>>> print(open('run-v7.cif').read())   # mmCIF, C-alpha atoms
data_query
loop_
_atom_site.label_atom_id
_atom_site.label_comp_id
_atom_site.auth_asym_id
_atom_site.auth_seq_id
_atom_site.Cartn_x
_atom_site.Cartn_y
_atom_site.Cartn_z
CA MET A 123 -58.22 31.72 2.30
CA ALA A 124 -55.16 30.93 0.22
CA TRP A 125 -52.71 31.85 2.95
CA THR A 126 -54.59 29.66 5.46
CA ALA A 127 -54.36 26.69 3.10
CA ALA A 128 -50.68 27.39 2.56
CA LEU A 129 -50.06 27.47 6.29
CA ARG A 130 -51.97 24.23 6.75
CA ALA A 131 -49.98 22.57 3.96
CA GLY A 132 -46.75 23.89 5.45
CA GLY A 133 -47.69 22.51 8.86
CA VAL A 134 -48.42 19.07 7.37
CA LEU A 135 -45.10 19.11 5.50
CA ALA A 136 -43.23 20.14 8.65
CA ALA A 137 -44.89 17.31 10.55
CA PHE A 138 -43.84 14.78 7.91
CA VAL A 139 -40.28 16.14 7.92
CA GLY A 140 -40.18 15.95 11.72
CA VAL A 141 -41.38 12.34 11.73
CA GLY A 142 -38.88 11.46 9.00
CA LEU A 143 -35.97 13.00 10.90
CA ALA A 144 -37.02 11.22 14.08
CA LEU A 145 -37.11 7.88 12.24
CA VAL A 146 -33.70 8.47 10.67
CA ALA A 147 -32.23 9.42 14.05
CA GLY A 148 -33.75 6.35 15.67
CA VAL A 149 -32.43 4.00 12.98
CA TYR A 150 -28.98 5.61 13.18
CA GLU A 151 -28.84 5.25 16.96
CA LEU A 152 -29.93 1.61 16.81
CA THR A 153 -27.48 0.83 14.00
CA ALA A 154 -24.61 2.66 15.74
CA GLU A 155 -25.21 0.67 18.92
CA ARG A 156 -25.18 -2.62 17.01
CA ILE A 157 -22.01 -1.69 15.12
CA SER A 158 -20.30 -0.66 18.37
CA ALA A 159 -21.35 -3.91 20.06
CA ALA A 160 -20.09 -5.95 17.10
CA GLU A 161 -16.71 -4.18 17.12
CA ARG A 162 -16.45 -4.69 20.88
CA GLN A 163 -17.05 -8.41 20.43
CA VAL A 164 -14.32 -8.58 17.80
CA VAL A 165 -11.87 -7.09 20.32
CA LEU A 166 -12.92 -9.54 23.04
CA ASP A 167 -12.54 -12.47 20.67
CA ARG A 168 -9.08 -11.37 19.56
CA LEU A 169 -7.70 -10.51 22.97
CA GLU A 170 -7.05 -14.21 23.46
CA ALA A 171 -4.76 -14.23 20.42
CA VAL A 172 -2.57 -11.33 21.56
CA LEU A 173 -2.26 -11.95 25.32
CA PRO A 174 -0.54 -14.81 27.19
CA GLU A 175 -2.82 -17.58 28.44
CA GLU A 176 -1.49 -17.40 31.99
CA HIS A 177 -3.03 -14.04 32.87
CA ASP A 178 -5.46 -14.27 35.80
CA ASN A 179 -7.27 -10.92 35.55
CA GLU A 180 -9.97 -9.75 33.15
CA PRO A 181 -8.17 -7.39 30.75
CA ASP A 182 -11.43 -6.02 29.36
CA ALA A 183 -12.65 -5.08 32.84
CA ASP A 184 -9.29 -3.43 33.63
CA ALA A 185 -9.04 -1.57 30.30
CA TYR A 186 -8.51 2.19 30.06
CA THR A 187 -7.73 4.78 27.40
CA ILE A 188 -4.55 6.74 26.70
CA PRO A 189 -3.66 9.39 24.11
CA SER A 190 -3.08 7.81 20.72
CA PRO A 191 0.56 6.84 20.07
CA ILE A 192 -0.28 7.25 16.37
CA PRO A 193 -0.73 10.85 15.15
CA GLY A 194 -4.22 11.40 13.81
CA GLY A 195 -5.63 8.29 15.46
CA GLU A 196 -8.37 8.13 18.07
CA GLN A 197 -7.54 7.47 21.72
CA ALA A 198 -5.91 4.10 22.21
CA ARG A 199 -7.35 1.52 24.60
CA VAL A 200 -5.04 -0.57 26.77
CA TYR A 201 -5.96 -4.03 28.09
CA PRO A 202 -3.37 -4.92 30.76
CA ALA A 203 -2.73 -8.56 31.65
CA PHE A 204 -1.50 -9.69 35.08
CA SER A 205 -0.49 -12.93 36.72
CA GLU A 206 -0.61 -12.94 40.53
CA GLY A 207 -0.52 -9.15 40.47
CA GLU A 208 2.51 -8.95 38.17
CA PHE A 209 2.22 -7.19 34.82
CA ILE A 210 2.89 -9.68 32.03
CA ALA A 211 1.55 -8.00 28.89
CA ALA A 212 -0.64 -5.30 27.40
CA ALA A 213 -2.95 -5.45 24.42
CA VAL A 214 -3.08 -2.04 22.76
CA GLU A 215 -6.06 -1.19 20.56
CA ALA A 216 -4.84 1.64 18.35
CA GLN A 217 -5.97 3.25 15.12
CA THR A 218 -4.03 4.55 12.14
CA PRO A 219 -5.73 6.95 9.73
CA GLU A 220 -3.32 5.99 6.94
CA GLY A 221 -5.17 3.01 5.46
CA TYR A 222 -5.90 3.01 1.73
CA ALA A 223 -9.69 3.11 2.24
CA GLY A 224 -9.84 4.69 5.69
CA PRO A 225 -8.77 4.10 9.30
CA ILE A 226 -7.39 0.72 10.36
CA SER A 227 -7.77 -0.40 13.98
CA LEU A 228 -5.25 -2.88 15.34
CA LEU A 229 -4.87 -4.90 18.53
CA ILE A 230 -1.20 -5.27 19.45
CA GLY A 231 -0.04 -7.56 22.26
CA ILE A 232 3.26 -6.54 23.86
CA ASP A 233 5.22 -8.18 26.71
CA PRO A 234 7.12 -6.21 29.41
CA GLN A 235 10.33 -6.33 27.35
CA GLY A 236 8.65 -4.62 24.41
CA GLN A 237 8.39 -7.76 22.30
CA ILE A 238 5.26 -8.32 20.25
CA ILE A 239 3.16 -11.34 21.19
CA ALA A 240 0.82 -10.99 18.23
CA VAL A 241 -1.07 -8.42 16.16
CA ARG A 242 -4.67 -8.68 14.99
CA THR A 243 -6.87 -6.42 12.89
CA VAL A 244 -10.01 -5.12 14.61
CA TYR A 245 -11.53 -2.91 11.92
CA HIS A 246 -10.76 -1.75 8.39
CA ARG A 247 -12.37 -0.93 5.05
CA GLU A 248 -9.52 -2.10 2.82
CA THR A 249 -10.21 -3.67 -0.57
CA PRO A 250 -11.54 -7.26 -0.40
CA GLY A 251 -9.08 -9.67 -1.96
CA LEU A 252 -6.21 -7.19 -1.64
CA GLY A 253 -5.91 -5.02 1.48
CA ASP A 254 -7.93 -7.42 3.60
CA ALA A 255 -4.85 -9.66 3.64
CA ILE A 256 -4.04 -7.86 6.91
CA GLU A 257 -6.68 -10.10 8.53
CA ALA A 258 -5.38 -13.34 10.07
CA SER A 259 -8.31 -15.19 8.51
CA ARG A 260 -7.27 -14.06 5.01
CA SER A 261 -3.49 -14.62 5.09
CA ASP A 262 -0.58 -15.15 7.47
CA TRP A 263 0.95 -11.74 6.67
CA ILE A 264 -0.03 -10.27 10.06
CA GLU A 265 1.91 -13.06 11.80
CA THR A 266 5.16 -11.49 10.61
CA PHE A 267 5.04 -9.17 13.64
CA SER A 268 4.98 -11.92 16.27
CA GLY A 269 8.21 -12.01 18.28
CA ARG A 270 9.46 -8.71 16.83
CA SER A 271 10.61 -5.65 18.76
CA LEU A 272 12.37 -2.34 18.12
CA ALA A 273 15.62 -4.29 18.29
CA ASP A 274 14.43 -6.90 15.76
CA PRO A 275 14.60 -5.38 13.28
CA PRO A 276 16.28 -2.10 14.28
CA GLN A 277 13.86 0.82 14.37
CA GLU A 278 15.13 2.29 11.09
CA ASP A 279 14.29 -0.99 9.33
CA TRP A 280 10.63 -0.97 10.39
CA GLN A 281 9.57 -0.36 6.81
CA LEU A 282 8.48 -2.40 3.81
CA ARG A 283 11.24 -3.98 1.75
CA GLY A 284 10.26 -1.72 -1.12
CA ASP A 285 11.01 1.26 1.13
CA GLY A 286 14.36 -0.15 2.24
CA GLY A 287 13.12 -2.01 5.33
CA GLU A 288 12.69 -5.64 6.38
CA PHE A 289 8.95 -6.27 6.10
CA ASP A 290 7.28 -7.88 3.12
CA GLY A 291 4.52 -5.91 1.51
CA ILE A 292 1.14 -7.14 0.30
CA THR A 293 0.75 -7.49 -3.45
CA SER A 294 -1.33 -4.60 -4.83
CA ALA A 295 -1.90 -3.28 -1.29
CA THR A 296 1.31 -1.41 -0.52
CA ILE A 297 -0.42 1.53 1.17
CA THR A 298 -2.31 -0.82 3.50
CA ALA A 299 0.79 -2.79 4.47
CA ARG A 300 2.85 0.37 4.95
CA ALA A 301 0.18 1.83 7.25
CA VAL A 302 0.11 -1.28 9.45
CA VAL A 303 3.91 -1.57 9.74
CA ASP A 304 4.20 2.12 10.63
CA ALA A 305 1.36 1.91 13.16
CA VAL A 306 2.90 -1.08 14.96
CA ARG A 307 6.29 0.67 15.03
CA LYS A 308 4.80 3.81 16.58
CA VAL A 309 3.00 1.83 19.26
CA LEU A 310 6.26 0.03 20.13
CA ILE A 311 8.13 3.33 20.34
CA ASP A 312 5.52 4.77 22.69
CA PHE A 313 5.55 1.57 24.78
CA GLN A 314 9.33 1.81 25.09
CA GLU A 315 9.33 5.50 25.98
CA GLN A 316 6.31 5.48 28.31
CA SER A 317 5.96 1.87 29.41
CA GLU A 318 4.41 2.82 32.75
CA ARG A 319 1.20 4.01 31.13
CA TYR A 320 0.67 0.57 29.58
CA GLN A 321 0.91 -1.35 32.85
CA GLY A 322 -2.40 -0.49 34.51
CA ASP A 323 -2.70 0.08 38.26
CA GLN A 324 -1.87 -3.36 39.66
CA GLN A 325 1.92 -2.90 39.64
#
>>> encode(input="run-v7.cif", output="structure tokens")
Amino acid sequence: MAWTAALRAGGVLAAFVGVGLALVAGVYELTAERISAAERQVVLDRLEAVLPEEHDNEPDADAYTIPSPIPGGEQARVYPAFSEGEFIAAAVEAQTPEGYAGPISLLIGIDPQGQIIAVRTVYHRETPGLGDAIEASRSDWIETFSGRSLADPPQEDWQLRGDGGEFDGITSATITARAVVDAVRKVLIDFQEQSERYQGDQQ
């Protein structure tokens, strides 16, 4: 009968749809795991650049999350560094949603006095040849933060020169540069105001 044929056809179609959805879900899960693993490796590789060499713990093993110091960002991850049980630095992995093409994740190394050791980019989708100048492998712009603090320059001058501050912008990537400067400033402010939550549990 016609309705029996229709039901049979519908059942076959539903089966194909089910198999298709299962394949898509499987590919997504596999891809998501690989992307997550790749991003994790980027962090591990760049921890060395933002933490002092003399630490004797494993910051990745001692890492923990805290509320984001940047409004709209995901939880931040803190990698504390110790030497003989004494806190000597923290690498803060934080995200700003204010990038030109989407979120920008940064790794910011800070010493106990609130001075920046170094900053590195972990993830972004900024325009190749323009906004990707925030990567250390593309330009030395990101090095401008090394040695800086909320006292150098004063907090009110943590802006691009075009906005009345002391930081150079990136040609044709003003939004990107502004987002990074503002993100680093907000992390420093939070570190200054709540330094205890960046020092792990080996104090």
>>> residues_around(input="run-v7.cif", residues="Thr266 in chain A", least_positions_apart="2", cutoff="10 Å", atoms="all atoms listed in the file", output="list of chain:residue names")
A:Ala240, A:Val241, A:Asp262, A:Trp263, A:Ile264, A:Ser268, A:Gly269, A:Arg270, A:Phe289, A:Asp290
>>> residues_around(input="run-v7.cif", residues="Ser227 in chain A", least_positions_apart="6", cutoff="12 Å", atoms="all atoms listed in the file", output="tab-separated table (two decimals) with C-alpha atoms, keeping the file's coordinate frame")
chain	number	residue	atom	x	y	z
A	161	GLU	CA	-16.71	-4.18	17.12
A	162	ARG	CA	-16.45	-4.69	20.88
A	164	VAL	CA	-14.32	-8.58	17.80
A	165	VAL	CA	-11.87	-7.09	20.32
A	190	SER	CA	-3.08	7.81	20.72
A	192	ILE	CA	-0.28	7.25	16.37
A	195	GLY	CA	-5.63	8.29	15.46
A	196	GLU	CA	-8.37	8.13	18.07
A	197	GLN	CA	-7.54	7.47	21.72
A	198	ALA	CA	-5.91	4.10	22.21
A	199	ARG	CA	-7.35	1.52	24.60
A	214	VAL	CA	-3.08	-2.04	22.76
A	215	GLU	CA	-6.06	-1.19	20.56
A	216	ALA	CA	-4.84	1.64	18.35
A	217	GLN	CA	-5.97	3.25	15.12
A	218	THR	CA	-4.03	4.55	12.14
A	219	PRO	CA	-5.73	6.95	9.73
A	220	GLU	CA	-3.32	5.99	6.94
A	221	GLY	CA	-5.17	3.01	5.46
A	241	VAL	CA	-1.07	-8.42	16.16
A	242	ARG	CA	-4.67	-8.68	14.99
A	243	THR	CA	-6.87	-6.42	12.89
A	244	VAL	CA	-10.01	-5.12	14.61
A	245	TYR	CA	-11.53	-2.91	11.92
A	246	HIS	CA	-10.76	-1.75	8.39
A	247	ARG	CA	-12.37	-0.93	5.05
A	248	GLU	CA	-9.52	-2.10	2.82
A	256	ILE	CA	-4.04	-7.86	6.91
A	257	GLU	CA	-6.68	-10.10	8.53
A	298	THR	CA	-2.31	-0.82	3.50
A	301	ALA	CA	0.18	1.83	7.25
A	302	VAL	CA	0.11	-1.28	9.45
A	305	ALA	CA	1.36	1.91	13.16
A	306	VAL	CA	2.90	-1.08	14.96
>>> closest_residue(input="run-v7.cif", among="A:Val309, A:Pro275, A:Asp182, A:Glu288", to="Leu169 in chain A", atoms="all atoms listed in the file")
A:Asp182
>>> atom_distance(input="run-v7.cif", atom1="CA of Gly194 in chain A", atom2="CA of Asp167 in chain A")
26.2 Å
>>> residues_around(input="run-v7.cif", residues="Gln237 in chain A", least_positions_apart="2", cutoff="12 Å", atoms="only C-alpha atoms", output="VMD selection string")
chain A and resid 172 to 173 210 to 213 230 to 235 239 to 241 267 to 275 306 to 307 309 to 311 313 to 314
>>> write_last_selection(input="run-v7.cif", atoms="C-alpha atoms", output="mmCIF file, in the coordinates of the input")
data_model
loop_
_atom_site.group_PDB
_atom_site.id
_atom_site.type_symbol
_atom_site.label_atom_id
_atom_site.label_comp_id
_atom_site.auth_asym_id
_atom_site.auth_seq_id
_atom_site.Cartn_x
_atom_site.Cartn_y
_atom_site.Cartn_z
ATOM 1 C CA VAL A 172 -2.570 -11.330 21.560
ATOM 2 C CA LEU A 173 -2.260 -11.950 25.320
ATOM 3 C CA ILE A 210 2.890 -9.680 32.030
ATOM 4 C CA ALA A 211 1.550 -8.000 28.890
ATOM 5 C CA ALA A 212 -0.640 -5.300 27.400
ATOM 6 C CA ALA A 213 -2.950 -5.450 24.420
ATOM 7 C CA ILE A 230 -1.200 -5.270 19.450
ATOM 8 C CA GLY A 231 -0.040 -7.560 22.260
ATOM 9 C CA ILE A 232 3.260 -6.540 23.860
ATOM 10 C CA ASP A 233 5.220 -8.180 26.710
ATOM 11 C CA PRO A 234 7.120 -6.210 29.410
ATOM 12 C CA GLN A 235 10.330 -6.330 27.350
ATOM 13 C CA ILE A 239 3.160 -11.340 21.190
ATOM 14 C CA ALA A 240 0.820 -10.990 18.230
ATOM 15 C CA VAL A 241 -1.070 -8.420 16.160
ATOM 16 C CA PHE A 267 5.040 -9.170 13.640
ATOM 17 C CA SER A 268 4.980 -11.920 16.270
ATOM 18 C CA GLY A 269 8.210 -12.010 18.280
ATOM 19 C CA ARG A 270 9.460 -8.710 16.830
ATOM 20 C CA SER A 271 10.610 -5.650 18.760
ATOM 21 C CA LEU A 272 12.370 -2.340 18.120
ATOM 22 C CA ALA A 273 15.620 -4.290 18.290
ATOM 23 C CA ASP A 274 14.430 -6.900 15.760
ATOM 24 C CA PRO A 275 14.600 -5.380 13.280
ATOM 25 C CA VAL A 306 2.900 -1.080 14.960
ATOM 26 C CA ARG A 307 6.290 0.670 15.030
ATOM 27 C CA VAL A 309 3.000 1.830 19.260
ATOM 28 C CA LEU A 310 6.260 0.030 20.130
ATOM 29 C CA ILE A 311 8.130 3.330 20.340
ATOM 30 C CA PHE A 313 5.550 1.570 24.780
ATOM 31 C CA GLN A 314 9.330 1.810 25.090
#
>>> residues_around(input="run-v7.cif", residues="Ile297 in chain A", least_positions_apart="5", cutoff="12 Å", atoms="all atoms listed in the file", output="VMD selection string")
chain A and resid 218 to 226 248 to 249 252 to 254 256 281 to 282 284 to 285 291 to 292 302 to 304
>>> atom_distance(input="run-v7.cif", atom1="CA of Arg168 in chain A", atom2="CA of Asp184 in chain A")
16.2 Å
>>> atom_distance(input="run-v7.cif", atom1="CA of Ala185 in chain A", atom2="CA of Arg319 in chain A")
11.7 Å
